[in-house]
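Data file: my_file36.cif. Format and content: mmCIF, C-alpha atoms.
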```cif
data_query
#
loop_
_atom_site.label_atom_id
_atom_site.label_comp_id
_atom_site.auth_asym_id
_atom_site.auth_seq_id
_atom_site.Cartn_x
_atom_site.Cartn_y
_atom_site.Cartn_z
CA MET A 1 -13.26 14.11 24.39
CA ASN A 2 -9.56 14.62 25.12
CA ILE A 3 -6.73 14.24 22.62
CA PHE A 4 -5.85 10.72 23.73
CA GLU A 5 -9.43 9.47 23.46
CA PHE A 6 -9.67 11.00 20.00
CA ALA A 7 -6.41 9.33 18.92
CA MET A 8 -7.59 6.00 20.30
CA GLU A 9 -10.84 6.35 18.38
CA LYS A 10 -8.88 7.00 15.16
CA GLU A 11 -6.73 3.93 15.75
CA ARG A 12 -9.73 1.74 16.51
CA PHE A 13 -11.45 2.93 13.33
CA SER A 14 -8.33 2.17 11.27
CA GLU A 15 -8.00 -1.28 12.81
CA GLU A 16 -11.64 -2.12 12.05
CA TYR A 17 -11.32 -0.77 8.51
CA TYR A 18 -8.32 -3.01 7.78
CA ARG A 19 -10.03 -6.03 9.29
CA ASP A 20 -13.05 -5.34 7.08
CA LEU A 21 -10.82 -5.04 4.00
CA ALA A 22 -9.08 -8.30 4.93
CA ALA A 23 -12.44 -10.05 5.19
CA ARG A 24 -13.50 -8.74 1.78
CA THR A 25 -10.50 -9.87 -0.22
CA ASN A 26 -10.24 -13.35 -1.62
CA HIS A 27 -6.46 -13.10 -2.01
CA GLU A 28 -4.49 -14.68 0.83
CA GLY A 29 -1.45 -12.41 0.42
CA LEU A 30 -3.49 -9.22 0.58
CA ARG A 31 -5.49 -10.60 3.50
CA ASN A 32 -2.21 -11.21 5.37
CA ILE A 33 -0.95 -7.67 4.72
CA LEU A 34 -4.26 -6.10 5.73
CA THR A 35 -4.35 -8.18 8.90
CA MET A 36 -0.79 -7.04 9.71
CA LEU A 37 -1.91 -3.44 9.27
CA ALA A 38 -4.92 -4.01 11.54
CA ASP A 39 -2.64 -5.51 14.19
CA GLU A 40 -0.33 -2.48 13.92
CA GLU A 41 -3.27 -0.12 14.48
CA ALA A 42 -4.26 -2.14 17.56
CA LYS A 43 -0.73 -1.66 18.93
CA HIS A 44 -0.99 2.09 18.28
CA TYR A 45 -4.28 2.12 20.19
CA GLN A 46 -2.58 0.48 23.19
CA THR A 47 0.34 2.91 23.03
CA VAL A 48 -1.96 5.94 23.05
CA GLU A 49 -4.05 4.39 25.82
CA ARG A 50 -0.93 4.07 27.98
CA MET A 51 0.04 7.67 27.16
CA ARG A 52 -3.13 8.84 28.94
CA THR A 53 -1.86 7.74 32.33
CA GLU A 54 1.83 6.92 31.99
CA THR A 55 4.75 7.03 29.63
CA PRO A 56 4.68 3.95 27.44
CA GLU A 57 7.87 1.96 27.09
CA SER A 58 8.27 2.78 23.44
CA VAL A 59 6.80 2.64 20.01
CA THR A 60 8.80 0.07 18.14
CA ASP A 61 9.83 0.38 14.55
CA THR A 62 7.79 -2.36 12.92
CA PRO A 63 8.97 -4.67 10.15
CA ILE A 64 5.71 -4.35 8.22
CA LEU A 65 7.31 -3.18 4.98
CA ASP A 66 9.80 -6.06 5.01
CA ARG A 67 6.99 -8.52 5.67
CA ALA A 68 4.86 -7.00 2.88
CA ARG A 69 7.84 -7.23 0.51
CA GLU A 70 8.06 -10.97 1.24
CA VAL A 71 4.36 -11.38 0.41
CA PHE A 72 4.77 -9.53 -2.91
CA ASP A 73 7.89 -11.53 -3.77
CA HIS A 74 5.92 -14.71 -3.19
CA MET A 75 3.04 -13.46 -5.35
CA ARG A 76 5.42 -12.51 -8.14
CA VAL A 77 6.59 -16.11 -8.60
CA ALA A 78 3.20 -17.73 -7.91
CA PRO A 79 1.43 -18.92 -11.06
CA LYS A 80 -1.84 -17.15 -10.30
CA LYS A 81 -3.87 -14.61 -12.21
CA PHE A 82 -5.29 -11.71 -10.26
CA ASP A 83 -8.80 -10.43 -10.66
CA PHE A 84 -9.81 -7.57 -8.40
CA GLN A 85 -12.97 -5.54 -8.42
CA ILE A 86 -12.68 -1.83 -9.18
CA SER A 87 -14.34 -1.15 -5.82
CA GLU A 88 -11.30 -2.69 -4.08
CA ALA A 89 -9.06 0.05 -5.48
CA ASP A 90 -11.52 2.62 -4.13
CA LEU A 91 -11.42 1.00 -0.69
CA TYR A 92 -7.61 1.17 -0.69
CA ARG A 93 -7.75 4.79 -1.84
CA LYS A 94 -9.92 5.53 1.21
CA ALA A 95 -7.39 3.72 3.41
CA CYS A 96 -4.67 5.99 1.98
CA ARG A 97 -6.69 9.04 3.01
CA ILE A 98 -7.17 7.60 6.50
CA GLU A 99 -3.45 6.95 6.90
CA GLU A 100 -2.55 10.44 5.66
CA GLN A 101 -5.02 12.00 8.11
CA ASN A 102 -3.61 9.91 10.96
CA ARG A 103 -0.05 10.89 10.05
CA LYS A 104 -0.96 14.60 10.02
CA PHE A 105 -2.87 14.22 13.28
CA TYR A 106 0.16 12.77 15.09
CA LEU A 107 2.51 15.37 13.66
CA GLU A 108 0.18 18.12 14.90
CA ARG A 109 -0.02 16.49 18.35
CA ALA A 110 3.78 16.29 18.43
CA GLU A 111 3.99 20.03 17.80
CA GLU A 112 1.46 20.76 20.56
CA ALA A 113 2.92 18.38 23.15
CA GLU A 114 4.93 19.97 25.92
CA ASP A 115 6.24 16.73 27.37
CA PRO A 116 9.33 15.69 25.36
CA GLU A 117 8.50 11.97 25.67
CA GLN A 118 4.96 12.47 24.38
CA LYS A 119 6.34 14.59 21.55
CA ARG A 120 8.76 11.78 20.64
CA ILE A 121 6.05 9.11 20.74
CA PHE A 122 3.66 11.16 18.61
CA ARG A 123 6.43 11.57 16.02
CA LEU A 124 7.11 7.84 16.05
CA LEU A 125 3.40 7.13 15.58
CA ALA A 126 3.36 9.58 12.65
CA ALA A 127 6.31 7.74 11.10
CA GLU A 128 4.50 4.42 11.47
CA GLU A 129 1.38 5.87 9.84
CA GLU A 130 3.57 7.11 6.99
CA LYS A 131 4.79 3.54 6.43
CA HIS A 132 1.19 2.38 6.36
CA LEU A 133 0.37 5.08 3.81
CA TYR A 134 3.29 3.99 1.62
CA LEU A 135 2.15 0.37 1.82
CA MET A 136 -1.48 1.25 1.08
CA GLU A 137 -0.47 3.31 -1.96
CA ASN A 138 1.38 0.27 -3.27
CA LEU A 139 -1.57 -2.02 -2.51
CA ARG A 140 -3.89 0.36 -4.36
CA THR A 141 -1.58 0.24 -7.37
CA PHE A 142 -1.39 -3.54 -7.09
CA VAL A 143 -5.16 -4.10 -7.12
CA SER A 144 -5.48 -1.69 -10.04
CA GLN A 145 -2.71 -3.32 -12.13
CA PRO A 146 -1.52 -6.55 -10.48
CA GLU A 147 0.58 -8.02 -13.28
CA THR A 148 2.30 -4.73 -14.10
CA PHE A 149 2.96 -4.04 -10.43
CA LEU A 150 4.64 -7.38 -9.82
CA GLU A 151 6.70 -7.16 -13.01
CA ASN A 152 8.03 -3.73 -12.10
CA ALA A 153 10.27 -4.28 -9.06
CA GLU A 154 10.86 -0.54 -8.76
CA MET A 155 7.28 -0.07 -7.61
CA TYR A 156 7.82 -1.75 -4.28
CA HIS A 157 11.16 -0.89 -2.76
CA PHE A 158 9.93 -1.54 0.76
CA ASN A 159 13.45 -2.40 1.93
CA ASP A 160 14.70 0.98 0.67
CA TYR A 161 12.00 2.94 2.49
CA VAL A 162 13.39 4.65 5.57
CA GLY A 163 11.18 7.10 7.45
CA GLY A 164 9.54 8.49 4.35
CA VAL A 165 12.71 8.81 2.30
CA LEU A 166 13.57 6.50 -0.56
#
```
Represent the structure from my file as structure tokens, please.
Amino acid sequence: MNIFEFAMEKERFSEEYYRDLAARTNHEGLRNILTMLADEEAKHYQTVERMRTETPESVTDTPILDRAREVFDHMRVAPKKFDFQISEADLYRKACRIEEQNRKFYLERAEEAEDPEQKRIFRLLAAEEEKHLYLMENLRTFVSQPETFLENAEMYHFNDYVGGVL
């Protein structure tokens, strides 16, 4: 299996994992965020697939953190109590590990790549996976302590997050 096939397999696994999480949650806001993440992983898959035979146009900087912020803002004012199972936090913890592994994988591929365009795209993919990790860490905190999370605006500064730096 070559590096591109391996990367595509990782992206497909991540996409399926997020779709499974989305199907398991009974909360519409979380389902929307998880579906957005699954869609992002599908785009990464397509980017890597194009890298096998050609130079893809680009990896775009996605607005996923802004969109997630809007969902959390909506949940903060919604008069709804949250009740999550402990197992959900464990599933999000696993997603954090997956995102961290994907981020490291792309950074390693960027270091190994000789083609400057492939190097650039691998770095962009790593940056996108880092955003996913940041979002998943916040989702894990949210399902563990929903009321506290939404009351503490400092816990989700998605608009302040720029390439891994707050």
Closest of A:Gln145, A:Arg140, A:Ala38, A:Glu11 to Asp90 in chain A - atom-to-atom distances counting only C-alpha atoms: A:Arg140
Target residues per the PyMOL selection byres ((chain A and resi 46) around 12), formatted as a PyMOL selection string: chain A and resi 4-5+7-9+11-12+15+39-45+47-59+125
Shortest interatomic distance to Lys119 in chain A - which of A:Phe149, A:Tyr106, A:Tyr92, A:Phe6, counting all atoms listed in the file: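 Selected residue with least distance to Lys119 in chain A: A:Tyr106.
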Interatomic distance, CA of Pro116 in chain A to CA of Ile3 in chain A (Å, one decimal):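 Going from CA of Pro116 in chain A over to CA of Ile3 in chain A, I get 16.4 Å.
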Pairwise distance for CA of Leu30 in chain A and CA of Leu124 in chain A, rounded to one decimal in Å: 25.4 Å
Answer key for the PyMOL selection byres ((chain A and resi 37) around 10), residues as an MDAnalysis selection string: chainID A and resid 14:15 17:19 22 31:36 38:43 64 68 129 132 135:136
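Atom pair CA of Leu107 in chain A / CA of Phe122 in chain A has a distance of 6.6 Å (rounded to one decimal).
If all atoms listed in the file are the atoms counted, then among A:Val71, A:Leu91, A:Leu139, A:Ile98 the closest residue to Arg24 in chain A is A:Leu91.
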